[in-house]
$ cat final-v7.txt   # compact mmCIF, C-alpha atoms
# COMPACT_ATOMS: atom_id res chain seq x y z
CA MET E 1 -84.30 14.47 10.67
CA THR E 2 -85.09 11.48 8.48
CA GLN E 3 -84.52 8.71 11.01
CA GLN E 4 -83.79 7.78 14.59
CA MET E 5 -81.00 5.32 15.34
CA THR E 6 -80.78 2.92 18.24
CA GLN E 7 -77.54 1.06 18.71
CA ALA E 8 -75.79 -1.29 21.07
CA PRO E 9 -72.97 0.11 23.23
CA ALA E 10 -69.86 0.69 21.16
CA GLY E 11 -67.67 -2.16 22.12
CA ALA E 12 -66.99 -2.38 25.85
CA THR E 13 -66.41 -6.06 26.48
CA GLY E 14 -65.35 -6.12 30.13
CA PRO E 15 -64.72 -4.06 33.25
CA ASP E 16 -61.49 -2.66 31.78
CA PRO E 17 -62.12 -2.09 28.05
CA SER E 18 -59.10 -1.54 25.81
CA LEU E 19 -58.89 -0.62 22.15
CA TRP E 20 -56.11 -3.20 21.79
CA ARG E 21 -58.79 -5.88 22.33
CA SER E 22 -61.27 -4.34 19.88
CA ARG E 23 -61.10 -6.28 16.59
CA ASN E 24 -63.24 -3.73 14.76
CA PHE E 25 -61.16 -0.76 15.87
CA LEU E 26 -57.90 -2.52 15.05
CA LEU E 27 -59.18 -3.27 11.54
CA LEU E 28 -60.25 0.34 11.05
CA TRP E 29 -56.95 1.58 12.46
CA GLY E 30 -54.87 -0.74 10.29
CA GLY E 31 -56.76 0.14 7.11
CA GLN E 32 -56.56 3.85 7.80
CA THR E 33 -52.84 3.62 8.54
CA VAL E 34 -52.17 2.11 5.10
CA SER E 35 -54.60 4.52 3.43
CA GLU E 36 -52.97 7.53 5.09
CA LEU E 37 -49.56 6.34 3.93
CA GLY E 38 -50.82 6.17 0.35
CA THR E 39 -52.41 9.60 0.65
CA ARG E 40 -49.17 11.15 1.91
CA ILE E 41 -47.32 9.60 -1.02
CA ALA E 42 -49.83 11.19 -3.39
CA ASN E 43 -49.68 14.59 -1.62
CA VAL E 44 -46.08 14.94 -2.74
CA ALA E 45 -46.46 13.17 -6.07
CA VAL E 46 -49.41 15.24 -7.38
CA PRO E 47 -47.77 18.69 -7.27
CA LEU E 48 -44.42 17.29 -8.42
CA LEU E 49 -46.14 15.54 -11.33
CA ALA E 50 -47.78 18.83 -12.29
CA ALA E 51 -44.74 21.07 -11.75
CA ASP E 52 -41.98 18.86 -13.17
CA THR E 53 -43.59 16.42 -15.62
CA LEU E 54 -46.43 18.62 -16.91
CA ASN E 55 -44.58 21.98 -16.53
CA ALA E 56 -47.47 23.67 -14.69
CA SER E 57 -47.16 27.26 -13.45
CA VAL E 58 -47.36 28.24 -9.76
CA PHE E 59 -51.04 29.12 -10.13
CA GLN E 60 -51.82 25.92 -12.06
CA VAL E 61 -50.23 23.85 -9.30
CA SER E 62 -52.29 25.70 -6.68
CA LEU E 63 -55.44 24.82 -8.66
CA LEU E 64 -54.82 21.16 -7.81
CA THR E 65 -55.25 22.00 -4.14
CA VAL E 66 -58.41 23.94 -4.97
CA LEU E 67 -59.91 20.98 -6.85
CA ALA E 68 -59.01 18.54 -4.08
CA TRP E 69 -60.81 20.61 -1.45
CA LEU E 70 -63.62 22.27 -3.41
CA PRO E 71 -65.90 19.20 -2.97
CA TYR E 72 -66.04 19.93 0.76
CA LEU E 73 -67.73 23.22 -0.05
CA LEU E 74 -70.06 21.76 -2.68
CA PHE E 75 -70.93 18.31 -1.31
CA SER E 76 -70.41 18.19 2.48
CA LEU E 77 -74.00 18.98 3.51
CA PRO E 78 -75.62 16.48 1.09
CA ALA E 79 -72.97 13.94 2.13
CA GLY E 80 -74.13 14.28 5.74
CA ILE E 81 -77.68 13.31 4.77
CA VAL E 82 -76.43 10.34 2.74
CA ALA E 83 -74.19 9.17 5.60
CA ASP E 84 -77.10 9.32 8.06
CA ARG E 85 -79.40 7.37 5.72
CA LEU E 86 -77.10 4.65 4.32
CA ASP E 87 -74.85 1.98 5.76
CA GLN E 88 -71.73 4.03 6.48
CA ARG E 89 -69.31 1.11 6.26
CA ARG E 90 -70.51 0.09 2.79
CA LEU E 91 -70.39 3.71 1.68
CA MET E 92 -66.76 3.95 2.82
CA ILE E 93 -65.89 0.73 0.97
CA ALA E 94 -67.40 2.09 -2.26
CA CYS E 95 -65.45 5.35 -1.84
CA ASP E 96 -62.18 3.47 -1.30
CA LEU E 97 -62.70 1.36 -4.41
CA GLY E 98 -63.53 4.45 -6.46
CA ARG E 99 -60.45 6.30 -5.23
CA ALA E 100 -58.26 3.29 -6.00
CA ALA E 101 -59.55 3.24 -9.59
CA LEU E 102 -58.86 6.95 -10.00
CA MET E 103 -55.30 6.72 -8.69
CA LEU E 104 -54.51 3.70 -10.85
CA SER E 105 -55.76 5.56 -13.93
CA LEU E 106 -52.81 7.98 -13.73
CA PRO E 107 -50.01 5.48 -14.52
CA VAL E 108 -52.24 3.92 -17.18
CA ALA E 109 -52.77 7.34 -18.81
CA ALA E 110 -49.02 7.99 -18.68
CA LEU E 111 -48.33 4.61 -20.25
CA VAL E 112 -50.56 5.36 -23.29
CA GLY E 113 -49.35 8.95 -23.58
CA GLN E 114 -52.63 10.59 -22.47
CA LEU E 115 -51.53 12.09 -19.15
CA THR E 116 -52.29 15.81 -19.30
CA LEU E 117 -52.92 18.57 -16.80
CA PRO E 118 -56.72 18.56 -17.46
CA PHE E 119 -56.78 14.78 -16.88
CA LEU E 120 -54.94 15.25 -13.59
CA TYR E 121 -57.46 17.95 -12.61
CA VAL E 122 -60.36 15.54 -13.29
CA VAL E 123 -58.78 12.75 -11.22
CA VAL E 124 -58.05 15.07 -8.30
CA GLY E 125 -61.54 16.61 -8.39
CA LEU E 126 -63.41 13.28 -8.51
CA GLY E 127 -61.13 11.89 -5.83
CA GLY E 128 -62.05 14.89 -3.68
CA VAL E 129 -65.79 14.10 -4.02
CA LEU E 130 -65.25 10.51 -2.87
CA THR E 131 -63.03 11.69 -0.02
CA VAL E 132 -65.83 13.96 1.26
CA MET E 133 -68.25 11.01 1.37
CA PHE E 134 -65.64 8.82 3.06
CA THR E 135 -64.65 11.44 5.65
CA VAL E 136 -68.21 12.24 6.75
CA SER E 137 -68.99 8.53 7.16
CA TYR E 138 -65.66 7.82 8.89
CA LYS E 139 -66.10 10.50 11.53
CA SER E 140 -69.67 9.30 12.15
CA MET E 141 -68.79 5.59 12.32
CA LEU E 142 -66.05 5.72 14.96
CA PRO E 143 -68.35 6.25 18.00
CA ARG E 144 -70.17 3.03 17.08
CA LEU E 145 -66.90 1.06 17.30
CA VAL E 146 -65.38 2.74 20.37
CA PRO E 147 -66.82 3.27 23.88
CA ALA E 148 -67.43 6.93 24.75
CA ASP E 149 -64.71 6.98 27.42
CA LEU E 150 -62.15 5.72 24.90
CA LEU E 151 -62.91 8.19 22.12
CA VAL E 152 -59.93 10.40 22.95
CA ASP E 153 -57.68 7.33 22.87
CA GLY E 154 -59.24 6.16 19.60
CA ASN E 155 -58.92 9.52 17.91
CA ALA E 156 -55.36 9.85 19.21
CA LYS E 157 -54.36 6.45 17.78
CA LEU E 158 -55.86 7.30 14.41
CA THR E 159 -54.06 10.64 14.48
CA ILE E 160 -50.78 8.91 15.35
CA SER E 161 -51.22 6.88 12.16
CA GLU E 162 -51.73 10.07 10.17
CA ASP E 163 -48.52 11.54 11.52
CA ALA E 164 -46.58 8.30 11.15
CA ALA E 165 -47.72 8.32 7.52
CA GLU E 166 -46.61 11.95 7.26
CA LEU E 167 -43.24 10.91 8.68
CA VAL E 168 -42.69 8.02 6.26
CA GLY E 169 -44.91 8.81 3.27
CA PRO E 170 -43.17 11.88 1.80
CA THR E 171 -39.77 10.22 1.99
CA VAL E 172 -41.14 7.08 0.35
CA SER E 173 -42.84 9.26 -2.26
CA GLY E 174 -39.64 11.15 -3.04
CA ALA E 175 -37.72 7.88 -3.37
CA LEU E 176 -40.40 6.29 -5.57
CA ILE E 177 -40.56 9.35 -7.81
CA GLY E 178 -36.79 9.23 -8.20
CA LEU E 179 -36.89 5.50 -9.03
CA VAL E 180 -40.00 5.06 -11.20
CA GLY E 181 -41.27 8.57 -11.95
CA ALA E 182 -44.18 10.54 -10.51
CA ALA E 183 -46.96 8.84 -12.52
CA ARG E 184 -46.05 5.26 -11.53
CA THR E 185 -45.85 6.32 -7.89
CA PHE E 186 -49.67 6.38 -7.86
CA LEU E 187 -49.68 2.58 -8.05
CA ALA E 188 -48.80 2.63 -4.34
CA ASN E 189 -51.64 5.05 -3.61
CA GLY E 190 -54.18 2.86 -5.44
CA PHE E 191 -52.99 -0.25 -3.58
CA ALA E 192 -53.39 1.58 -0.23
CA PHE E 193 -57.05 2.36 -0.93
CA LEU E 194 -57.66 -1.30 -1.82
CA VAL E 195 -56.19 -2.39 1.53
CA SER E 196 -58.43 0.12 3.33
CA ALA E 197 -61.49 -1.29 1.53
CA LEU E 198 -60.53 -4.83 2.54
CA THR E 199 -60.21 -3.97 6.24
CA LEU E 200 -63.61 -2.27 6.16
CA ILE E 201 -65.14 -5.38 4.57
CA LEU E 202 -63.79 -7.46 7.50
CA ILE E 203 -65.34 -5.22 10.20
CA ARG E 204 -68.35 -6.71 11.99
CA GLU E 205 -70.39 -3.97 13.66
CA ALA E 206 -72.86 -4.18 16.49
CA PRO E 207 -76.39 -4.11 15.05
CA VAL E 208 -77.89 -0.69 14.37
CA ARG E 209 -81.66 -0.38 14.10
CA ARG E 210 -82.88 2.47 11.88
CA GLU E 211 -86.43 3.57 12.53
CA PRO E 212 -88.21 5.81 10.01
CA ALA E 213 -89.07 9.30 11.27
CA PRO E 214 -91.43 11.90 9.78
CA ARG E 215 -90.11 13.41 6.58
CA VAL E 216 -88.96 17.00 6.65
CA PRO E 217 -88.06 19.37 3.80
CA LEU E 218 -84.61 18.84 2.29
CA ARG E 219 -83.59 22.38 3.26
CA VAL E 220 -84.28 21.57 6.92
CA GLU E 221 -82.26 18.36 6.71
CA LEU E 222 -79.35 20.18 5.11
CA THR E 223 -79.25 22.74 7.93
CA ASP E 224 -79.88 20.39 10.89
CA GLY E 225 -76.16 20.17 11.67
CA LEU E 226 -75.64 23.92 11.34
CA GLY E 227 -78.53 24.58 13.70
CA PHE E 228 -77.09 22.25 16.32
CA ILE E 229 -73.66 23.91 16.13
CA ARG E 230 -75.20 27.40 16.32
CA ARG E 231 -76.77 26.53 19.69
CA GLN E 232 -73.38 25.57 21.18
CA PRO E 233 -71.17 28.67 21.88
CA ILE E 234 -68.05 26.56 22.44
CA LEU E 235 -68.54 24.85 19.09
CA VAL E 236 -68.92 28.21 17.38
CA SER E 237 -65.54 29.36 18.77
CA ILE E 238 -63.85 26.10 17.78
CA LEU E 239 -65.35 26.22 14.30
CA ALA E 240 -64.26 29.83 13.75
CA CYS E 241 -60.72 29.01 14.91
CA THR E 242 -60.49 25.93 12.69
CA THR E 243 -61.90 27.72 9.67
CA TRP E 244 -59.48 30.65 9.90
CA SER E 245 -56.53 28.31 10.47
CA ASN E 246 -57.47 26.04 7.57
CA PHE E 247 -57.72 29.01 5.21
CA TRP E 248 -54.15 30.17 5.86
CA VAL E 249 -52.64 26.71 6.26
CA MET E 250 -53.91 25.72 2.83
CA ALA E 251 -52.81 29.04 1.37
CA SER E 252 -49.26 28.09 2.36
CA ALA E 253 -49.74 24.41 1.42
CA SER E 254 -50.73 25.34 -2.12
CA ILE E 255 -47.32 26.93 -2.72
CA GLU E 256 -44.99 25.09 -0.35
CA VAL E 257 -43.80 22.36 -2.75
CA THR E 258 -43.20 25.02 -5.40
CA PHE E 259 -41.34 27.12 -2.79
CA LEU E 260 -39.14 24.18 -1.79
CA VAL E 261 -38.34 23.24 -5.39
CA ARG E 262 -37.95 26.66 -7.00
CA GLU E 263 -36.74 28.90 -4.14
CA LEU E 264 -34.78 26.41 -2.04
CA HIS E 265 -33.73 24.17 -4.97
CA ALA E 266 -34.77 21.00 -3.12
CA ALA E 267 -34.66 17.64 -4.92
CA PRO E 268 -37.73 15.35 -4.68
CA VAL E 269 -36.08 13.25 -1.95
CA GLN E 270 -35.31 16.43 0.04
CA VAL E 271 -38.91 17.59 -0.32
CA GLY E 272 -40.02 14.25 1.11
CA LEU E 273 -37.55 14.54 3.99
CA VAL E 274 -38.83 18.01 4.92
CA PHE E 275 -42.38 16.72 5.22
CA SER E 276 -41.16 13.69 7.16
CA VAL E 277 -39.38 15.93 9.68
CA SER E 278 -42.58 17.93 10.01
CA ALA E 279 -44.50 14.84 11.11
CA VAL E 280 -42.33 14.30 14.20
CA GLY E 281 -44.16 17.00 16.16
CA GLY E 282 -47.57 15.51 15.51
CA LEU E 283 -46.37 11.95 16.12
CA VAL E 284 -44.92 12.79 19.54
CA VAL E 285 -47.94 14.82 20.58
CA GLY E 286 -50.30 12.12 19.29
CA VAL E 287 -48.70 9.57 21.63
CA LEU E 288 -49.09 12.00 24.55
CA ALA E 289 -52.45 13.51 23.56
CA ALA E 290 -54.58 11.78 26.19
CA ARG E 291 -52.08 12.61 28.97
CA LEU E 292 -51.69 16.23 27.83
CA SER E 293 -55.45 16.67 27.70
CA ALA E 294 -55.80 15.32 31.24
CA TRP E 295 -52.88 17.42 32.53
CA LEU E 296 -53.84 20.73 30.90
CA GLY E 297 -57.60 20.18 31.06
CA SER E 298 -59.99 19.26 28.26
CA ALA E 299 -60.94 22.92 27.67
CA ARG E 300 -57.58 24.59 28.29
CA VAL E 301 -55.73 22.20 25.96
CA ILE E 302 -57.69 23.58 22.98
CA TRP E 303 -56.47 27.17 23.21
CA VAL E 304 -52.97 26.24 24.44
CA ALA E 305 -52.53 23.93 21.45
CA MET E 306 -53.44 26.75 19.08
CA THR E 307 -51.28 29.42 20.76
CA ALA E 308 -48.00 27.92 22.03
CA PRO E 309 -46.44 26.62 18.76
CA GLY E 310 -47.04 29.88 16.84
CA PRO E 311 -43.52 31.40 17.04
CA PHE E 312 -42.05 28.33 15.33
CA TYR E 313 -44.22 28.96 12.26
CA LEU E 314 -42.03 31.97 11.52
CA LEU E 315 -39.11 29.65 10.72
CA MET E 316 -40.80 28.52 7.49
CA PRO E 317 -40.32 31.69 5.40
CA LEU E 318 -36.80 32.01 6.90
CA ALA E 319 -35.72 28.69 5.35
CA GLN E 320 -32.73 28.73 2.99
CA PRO E 321 -31.20 26.23 0.52
CA GLY E 322 -29.09 23.42 1.95
CA TRP E 323 -29.34 22.75 5.68
CA GLY E 324 -31.68 25.72 5.95
CA LEU E 325 -34.39 23.40 4.60
CA LEU E 326 -34.67 22.02 8.13
CA LEU E 327 -36.11 25.33 9.31
CA TYR E 328 -39.12 24.70 7.11
CA GLY E 329 -39.48 21.20 8.56
CA VAL E 330 -39.30 22.51 12.15
CA GLY E 331 -42.02 25.08 11.42
CA LEU E 332 -44.24 22.39 9.92
CA ALA E 333 -43.53 20.13 12.91
CA ALA E 334 -44.80 22.85 15.25
CA PHE E 335 -48.01 23.15 13.28
CA SER E 336 -48.37 19.36 13.19
CA ALA E 337 -48.15 19.26 17.00
CA ASN E 338 -50.78 22.00 17.25
CA ALA E 339 -53.14 20.30 14.81
CA VAL E 340 -52.96 16.89 16.49
CA LEU E 341 -53.61 18.13 20.03
CA PHE E 342 -56.34 20.53 18.96
CA ASN E 343 -58.13 18.10 16.65
CA VAL E 344 -58.07 15.13 19.03
CA ALA E 345 -59.60 17.17 21.85
CA ALA E 346 -62.15 18.95 19.67
CA MET E 347 -63.18 15.89 17.65
CA SER E 348 -63.64 13.72 20.75
CA TYR E 349 -65.84 16.39 22.29
CA ARG E 350 -68.00 16.61 19.18
CA GLN E 351 -68.40 12.85 18.92
CA ARG E 352 -69.45 12.54 22.57
CA ILE E 353 -72.17 15.17 22.66
CA THR E 354 -73.89 14.86 19.28
CA PRO E 355 -76.99 12.63 18.98
CA PRO E 356 -76.09 9.63 16.78
CA ALA E 357 -79.05 10.27 14.45
CA ILE E 358 -77.61 13.62 13.29
CA LEU E 359 -73.88 13.02 13.76
CA GLY E 360 -73.37 12.71 10.01
CA ARG E 361 -74.99 16.09 9.42
CA VAL E 362 -73.09 17.77 12.27
CA ASN E 363 -69.79 16.39 10.93
CA ALA E 364 -70.81 17.48 7.44
CA ALA E 365 -71.63 21.00 8.64
CA PHE E 366 -68.19 21.29 10.24
CA LEU E 367 -66.53 20.02 7.08
CA TRP E 368 -68.63 22.30 4.89
CA ILE E 369 -67.42 25.40 6.70
CA CYS E 370 -63.89 24.63 7.92
CA PHE E 371 -62.90 22.60 4.86
CA GLY E 372 -65.05 24.63 2.49
CA VAL E 373 -62.72 27.63 2.86
CA ILE E 374 -59.71 25.57 1.84
CA PRO E 375 -60.16 26.10 -1.93
CA LEU E 376 -60.37 29.83 -1.24
CA GLY E 377 -57.20 29.59 0.83
CA ALA E 378 -55.43 27.68 -1.93
CA LEU E 379 -56.45 30.29 -4.50
CA THR E 380 -55.26 33.01 -2.14
CA GLY E 381 -51.91 31.26 -1.75
CA GLY E 382 -51.46 31.04 -5.50
CA ALA E 383 -52.45 34.69 -5.95
CA LEU E 384 -50.15 35.86 -3.13
CA GLY E 385 -47.28 33.79 -4.53
CA THR E 386 -47.75 35.42 -7.92
CA ALA E 387 -48.08 38.95 -6.50
CA LEU E 388 -45.58 38.95 -3.61
CA GLY E 389 -43.25 36.13 -4.54
CA LEU E 390 -43.22 32.77 -2.76
CA ARG E 391 -41.30 33.91 0.33
CA GLY E 392 -43.41 37.03 0.83
CA ALA E 393 -46.58 34.98 0.47
CA LEU E 394 -45.37 32.54 3.13
CA TRP E 395 -44.87 35.38 5.63
CA VAL E 396 -48.50 36.42 5.18
CA CYS E 397 -49.69 32.81 5.48
CA VAL E 398 -47.82 31.88 8.67
CA LEU E 399 -48.91 35.07 10.47
CA GLY E 400 -52.48 34.40 9.41
CA THR E 401 -52.23 30.82 10.71
CA TRP E 402 -51.00 31.91 14.13
CA ALA E 403 -53.76 34.53 14.40
CA ALA E 404 -56.37 31.72 14.46
CA CYS E 405 -55.64 31.21 18.16
CA LEU E 406 -57.44 34.48 18.96
CA PHE E 407 -60.83 32.84 18.36
CA VAL E 408 -60.33 30.38 21.22
CA VAL E 409 -58.13 32.57 23.47
CA CYS E 410 -60.84 35.27 23.43
CA SER E 411 -63.64 32.78 24.16
CA PRO E 412 -65.09 31.19 27.33
CA LEU E 413 -62.51 28.39 26.92
CA ARG E 414 -59.76 30.66 28.30
CA ARG E 415 -61.52 30.77 31.69
CA MET E 416 -62.15 27.02 31.84
CA ARG E 417 -59.92 24.09 32.71
CA ASN E 418 -62.28 21.31 31.65
CA MET E 419 -65.44 21.12 29.60
CA PRO E 420 -68.57 21.33 31.79
CA PRO E 421 -69.49 17.81 32.94
CA GLY E 422 -73.07 18.28 31.76
CA LEU E 423 -71.90 18.86 28.18
CA ALA E 424 -69.19 16.24 27.94
CA ALA E 425 -70.97 13.43 29.67
CA GLY E 426 -71.96 11.73 26.43
CA ASP E 427 -75.66 11.88 27.31
CA GLY E 428 -76.75 11.88 23.66
CA THR E 429 -77.92 15.48 23.59
CA HIS E 430 -75.11 17.27 21.77
CA ARG E 431 -71.39 16.90 20.19
CA ALA E 432 -68.23 18.97 18.74
CA GLY E 433 -64.82 18.99 16.95
CA GLY E 434 -61.83 20.47 15.26
CA SER E 435 -61.77 19.16 11.74
$ encode --input "final-v7.txt" --output "structure tokens"
Amino acid sequence: MTQQMTQAPAGATGPDPSLWRSRNFLLLWGGQTVSELGTRIANVAVPLLAADTLNASVFQVSLLTVLAWLPYLLFSLPAGIVADRLDQRRLMIACDLGRAALMLSLPVAALVGQLTLPFLYVVVGLGGVLTVMFTVSYKSMLPRLVPADLLVDGNAKLTISEDAAELVGPTVSGALIGLVGAARTFLANGFAFLVSALTLILIREAPVRREPAPRVPLRVELTDGLGFIRRQPILVSILACTTWSNFWVMASASIEVTFLVRELHAAPVQVGLVFSVSAVGGLVVGVLAARLSAWLGSARVIWVAMTAPGPFYLLMPLAQPGWGLLLYGVGLAAFSANAVLFNVAAMSYRQRITPPAILGRVNAAFLWICFGVIPLGALTGGALGTALGLRGALWVCVLGTWAACLFVVCSPLRRMRNMPPGLAAGDGTHRAGGS
């Protein structure tokens, strides 16, 4: 490790602390809500811009997903070291400003007639690098703003914002694309990142004292987080489950817009509506996440969340034009519910048991593995879509996604109701997560 960190308690101000009275958390939450809305707008606009405006092939569209996620494989581990060494809030502000500039460059390029597929690839790839830096810092910063016993509530609220953005963003994106075109839609995305940067600027953190520690070789620093995870059997099971699921989810994600447009003949507004319907599952579960975790048990909820929604995934390749589009939305809603419940429980666990001095590297190690496979999944989706057709590829992808539950069902979690008190007590000796 390069440093030890000593910090004040993360924000309890009275005998009954509440996140609704935490100015710092509310600023973070508000900024992330706007940022997530902009991101969801872009998630629909990018593939539609490539497929419709730039006439990209199925494989070329899938390459956009590869470029967006490849930085997690290439830069996550170094990003963990940077996040542990630098002021995480300032790093996040710089990333937001950089992403805003990249998004705003797209309508400018379209205006001067220079918007091409290679230019779009560059913007998506550089945006992915900044997103890696932002995500590692973001997941490491939250425990400094939120008391340990409110982490589940904090993560649940942030996840609710993600799903609310998923509910509204695609529909807004489809409407904006219909009104002003795909390229100009990125003005909204750039504005959202600027709002996020402003809210981060307004946050006032408790003081953190960073004390120099003996230098160690870079290779050791890069693998600190991996070593910590390797010593935690529960984390290994969670990481394997998440990695397998991410691979197949992104394989389907890389072809789903193309499937909706070319197989189901959906208009841009209909594509947005399908993704909005899909967010309902995650939004409802996000509101109930803390209660469900307490009712099912903090250990049991992890494997139940991965297993129970699986049969609904099969509705996605069964979708047909017209009202049959809703089947795709219902399947996505089931996965959204799974992802929210699983990620809130797993992320809160990781944040509670990891020493603050290496939390950036532990988060980075998780991202490196479970997000690092996403480009491979996206390539696989494009290859399967080319070889088997879009519907055949979706059948393979949804069955692969459901199979991820086996990693946690066939683990010690299946025989546990709650995490052992000694591990989840937040004693500063370990931590875990789902994304």
$ axis_aligned_box --input "final-v7.txt" --around "range 373-384 of chain E" --padding-each-side "6 Å" --output "JSON"
{"center_x": -56.4, "center_y": 30.7, "center_z": -1.5, "size_x": 24.6, "size_y": 22.3, "size_z": 20.8}
$ atom_distance --input "final-v7.txt" --atom1 "CA of Gly331 in chain E" --atom2 "CA of Leu315 in chain E"
5.5 Å
$ residues_near_point --input "final-v7.txt" --point "(-41.3, 18.3, -11.5)" --cutoff "10 Å" --atoms "only C-alpha atoms" --output "PDB file with C-alpha atoms, keeping the file's coordinate frame"
ATOM      1  CA  ALA E  45     -46.460  13.170  -6.070  1.00  0.00           C
ATOM      2  CA  VAL E  46     -49.410  15.240  -7.380  1.00  0.00           C
ATOM      3  CA  PRO E  47     -47.770  18.690  -7.270  1.00  0.00           C
ATOM      4  CA  LEU E  48     -44.420  17.290  -8.420  1.00  0.00           C
ATOM      5  CA  LEU E  49     -46.140  15.540 -11.330  1.00  0.00           C
ATOM      6  CA  ALA E  50     -47.780  18.830 -12.290  1.00  0.00           C
ATOM      7  CA  ALA E  51     -44.740  21.070 -11.750  1.00  0.00           C
ATOM      8  CA  ASP E  52     -41.980  18.860 -13.170  1.00  0.00           C
ATOM      9  CA  THR E  53     -43.590  16.420 -15.620  1.00  0.00           C
ATOM     10  CA  LEU E  54     -46.430  18.620 -16.910  1.00  0.00           C
ATOM     11  CA  ASN E  55     -44.580  21.980 -16.530  1.00  0.00           C
ATOM     12  CA  ALA E  56     -47.470  23.670 -14.690  1.00  0.00           C
ATOM     13  CA  ILE E 177     -40.560   9.350  -7.810  1.00  0.00           C
ATOM     14  CA  GLY E 181     -41.270   8.570 -11.950  1.00  0.00           C
ATOM     15  CA  ALA E 182     -44.180  10.540 -10.510  1.00  0.00           C
ATOM     16  CA  VAL E 257     -43.800  22.360  -2.750  1.00  0.00           C
ATOM     17  CA  THR E 258     -43.200  25.020  -5.400  1.00  0.00           C
ATOM     18  CA  VAL E 261     -38.340  23.240  -5.390  1.00  0.00           C
ATOM     19  CA  ALA E 267     -34.660  17.640  -4.920  1.00  0.00           C
ATOM     20  CA  PRO E 268     -37.730  15.350  -4.680  1.00  0.00           C
TER      21      PRO E 268
END
$ atom_distance --input "final-v7.txt" --atom1 "CA of Leu399 in chain E" --atom2 "CA of Val340 in chain E"
19.6 Å
$ closest_atom_pairs --input "final-v7.txt" --of "range 81-151 of chain E" --to "range 186-189 of chain E" --cutoff "7 Å" --atoms "all atoms listed in the file" --output "CSV"
residue,atom,partner,partner_atom,distance
E:Met103,CA,E:Phe186,CA,5.7
E:Leu104,CA,E:Leu187,CA,5.7
E:Leu106,CA,E:Phe186,CA,6.8
E:Pro107,CA,E:Phe186,CA,6.7
$ write_last_selection --input "final-v7.txt" --atoms "C-alpha atoms" --output "CSV table (one decimal), in the coordinates of the input"
chain,number,residue,atom,x,y,z
E,103,MET,CA,-55.3,6.7,-8.7
E,104,LEU,CA,-54.5,3.7,-10.8
E,106,LEU,CA,-52.8,8.0,-13.7
E,107,PRO,CA,-50.0,5.5,-14.5
$ closest_residue --input "final-v7.txt" --among "E:Pro71, E:Gly154, E:Gly80, E:Gly322" --to "Gly360 in chain E" --atoms "only C-alpha atoms"
E:Gly80
$ residues_around --input "final-v7.txt" --residues "Phe342 in chain E" --least-positions-apart "2" --cutoff "9 Å" --atoms "only C-alpha atoms" --output "JSON, numbers by chain"
{"E": [301, 302, 303, 304, 305, 306, 337, 338, 339, 340, 344, 345, 346, 347, 433, 434]}
$ atom_distance --input "final-v7.txt" --atom1 "CA of Ala279 in chain E" --atom2 "CA of Leu19 in chain E"
23.8 Å
$ residues_around --input "final-v7.txt" --residues "Gly174 in chain E" --least-positions-apart "4" --cutoff "7 Å" --atoms "only C-alpha atoms" --output "list in words"
Pro170, Gly178, Pro268, Val269 and Gly272 of chain E
$ write_last_selection --input "final-v7.txt" --atoms "C-alpha atoms" --output "CSV table (one decimal), keeping the file's coordinate frame"
chain,number,residue,atom,x,y,z
E,170,PRO,CA,-43.2,11.9,1.8
E,178,GLY,CA,-36.8,9.2,-8.2
E,268,PRO,CA,-37.7,15.4,-4.7
E,269,VAL,CA,-36.1,13.2,-2.0
E,272,GLY,CA,-40.0,14.2,1.1
$ closest_residue --input "final-v7.txt" --among "E:Gly169, E:Gly282, E:Gly98, E:Gly113" --to "Ala156 in chain E" --atoms "all atoms listed in the file"
E:Gly282
$ residues_around --input "final-v7.txt" --residues "Leu97 in chain E" --least-positions-apart "2" --cutoff "8 Å" --atoms "only C-alpha atoms" --output "number ranges by chain"
E: 93-95, 99-101, 193-194, 197
$ closest_residue --input "final-v7.txt" --among "E:Gln88, E:Ser237, E:Asn246, E:Gln32" --to "Cys370 in chain E" --atoms "all atoms listed in the file"
E:Asn246
